[in-house]
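Engineer: Handing you a structure now.
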Amino acid sequence: MIKDASEKIKGHNLANGASWMSPTTTNVDHLRPIARFFTWLTLYDDYYERWPVDKMAIERDRIMGVMLGDTPKPMDIGLYRQIAKCRDEFLTYMPSEWMERLAKNLYRYTTYGIMEEAPYRLEGRYPSLLRLQFLREYTIAMYVYGDMIEAGTNFMLPKIIIEHPVIMRLRTLLCRIMSIQNDWYTLEKEMADDQFEVCNHVLVLMYQNKLSLEEAIQETERIHDSYVEEMDAIQKDLPDFGIYQKETENYVYHILLNITGLDDWYNGDTVRYIPSEFPIHIYPGIGS
């Protein structure tokens with residue numbers, strides 16, 4: 001079963017997703033850890049998404065420790081060894097402050113995303129649409145992967161800029177747009193899963209508002225387009241960031257590339273979301 005699952009995962013072309021999302025990164029030594037991290041983050045989500053919260057908290061804290069310098073133990077699974085390799089590769093050209101931010105965002109993604117979503121998944125219970133929007137903002141992991149923009153451009157924005165309300169709002173919109181994008185592409189796979197997905201915009205709208213599948217898709221599209229319109233308006237009216245104006249505008253441009261790049265990967269470079277090509281049962285979690 002594990003061998004068959006590994007072969008299926010190879011066909012997902014996960015590393016290629018990083019190339020689509022970082023199309024301006026030409027230095028292979030920079031792109032390699034980004035691609036490794038894309039693969040790692042995807043498998044991290046697959047592996048832990050149905051774990052009980054108390055067990056997940058232990059794993060989260062140990063992974064955080066490795067990201068911040070701990071050495072994986074000999075019997076640790078590959079997720080520990082690969083994140084240690086990512087850490088070492090990134091630190092050859094990115095500052096430790098950036099790695100600390102990446103670890104913090106992974107902590108938040110795990111805590112406010114995976115762990116808060118887990119009870120709904122384990123109990124087969126739909127969240128409200130409002131609750132789902134906060135959950136998916138974190139479970140899409142783009143607060144984490146969004147940090148790859150700076151790794152790809154080899155320039156870390158100063159804290160005063162990355163924490164500016166306008167940039168923070170753009171990052172939130174990035175997460176919300178891509179969560180809906182992901183929900184569209186995963187819909188067929190999730191409806192085919194015998195552990196029926198409950199954290200998908202389309203399915204929640206069908207359940208909460210008693211909509212048909214077509215109506216729920218249309219309403220999800222309306223929500224998506226409202227986020228896109230807001231992002232477009234913000235990026236056309238950025239504040240004055242002084243000496244970092246050019247670098248900030250480039251960062252915002254790469255936020256847009258993240259969205260279009262992943263959409264291109266979904267559309268032609270992966271079979272991950274074809275139900276027959278996804279090894280659903282190799283990540284059982286604990287107690288499921």
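Please note that chains go A, B, ... in the order of the structure tokens, that every chain numbers its residues from 1, and that ligands are numbered from 1 in the order shown.
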With a distance cut-off of 6 Å and only C-alpha atoms, select the neighbouring residues of stretch 167-183 of chain A, excluding the residue or stretch itself and same-chain residues fewer than 4 positions from it, and output the selection as a ChimeraX atom specification.

Structural biologist: /A:136-137,140,142,163,187,200,224

Engineer: Set out as CSV a contact list for stretch 221-257 of chain A and stretch 16-36 of chain A with a cut-off of 10 Å, giving each residue of stretch 221-257 of chain A that qualifies its closest atom pair and distance in Å to one decimal, counting only C-alpha atoms, ordered by chain and rising residue number.

Structural biologist:
residue,atom,partner,partner_atom,distance
A:His254,CA,A:Ser22,CA,7.8
A:Ile255,CA,A:Met21,CA,9.1
A:Leu256,CA,A:Met21,CA,9.3
A:Leu257,CA,A:Met21,CA,6.1

Engineer: Measuring between only C-alpha atoms, which one of A:Asp225, A:Ile114, A:Glu89, A:Arg121 shows the shortest distance to A:Asp54?

Structural biologist: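 Comparing A:Asp225, A:Ile114, A:Glu89, A:Arg121 against A:Asp54, the winner is A:Ile114.
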
Engineer: Which residue out of A:Lys104, A:Arg87, A:Ala118, A:Asp237 has the minimum interatomic distance to A:Tyr48 when only C-alpha atoms are used?

Structural biologist: A:Ala118

Engineer: Record the distance separating atom CA of A:Thr71 and atom CA of A:Lys85, expressed in Å with one decimal.

Structural biologist: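 A separation of 10.2 Å between them.
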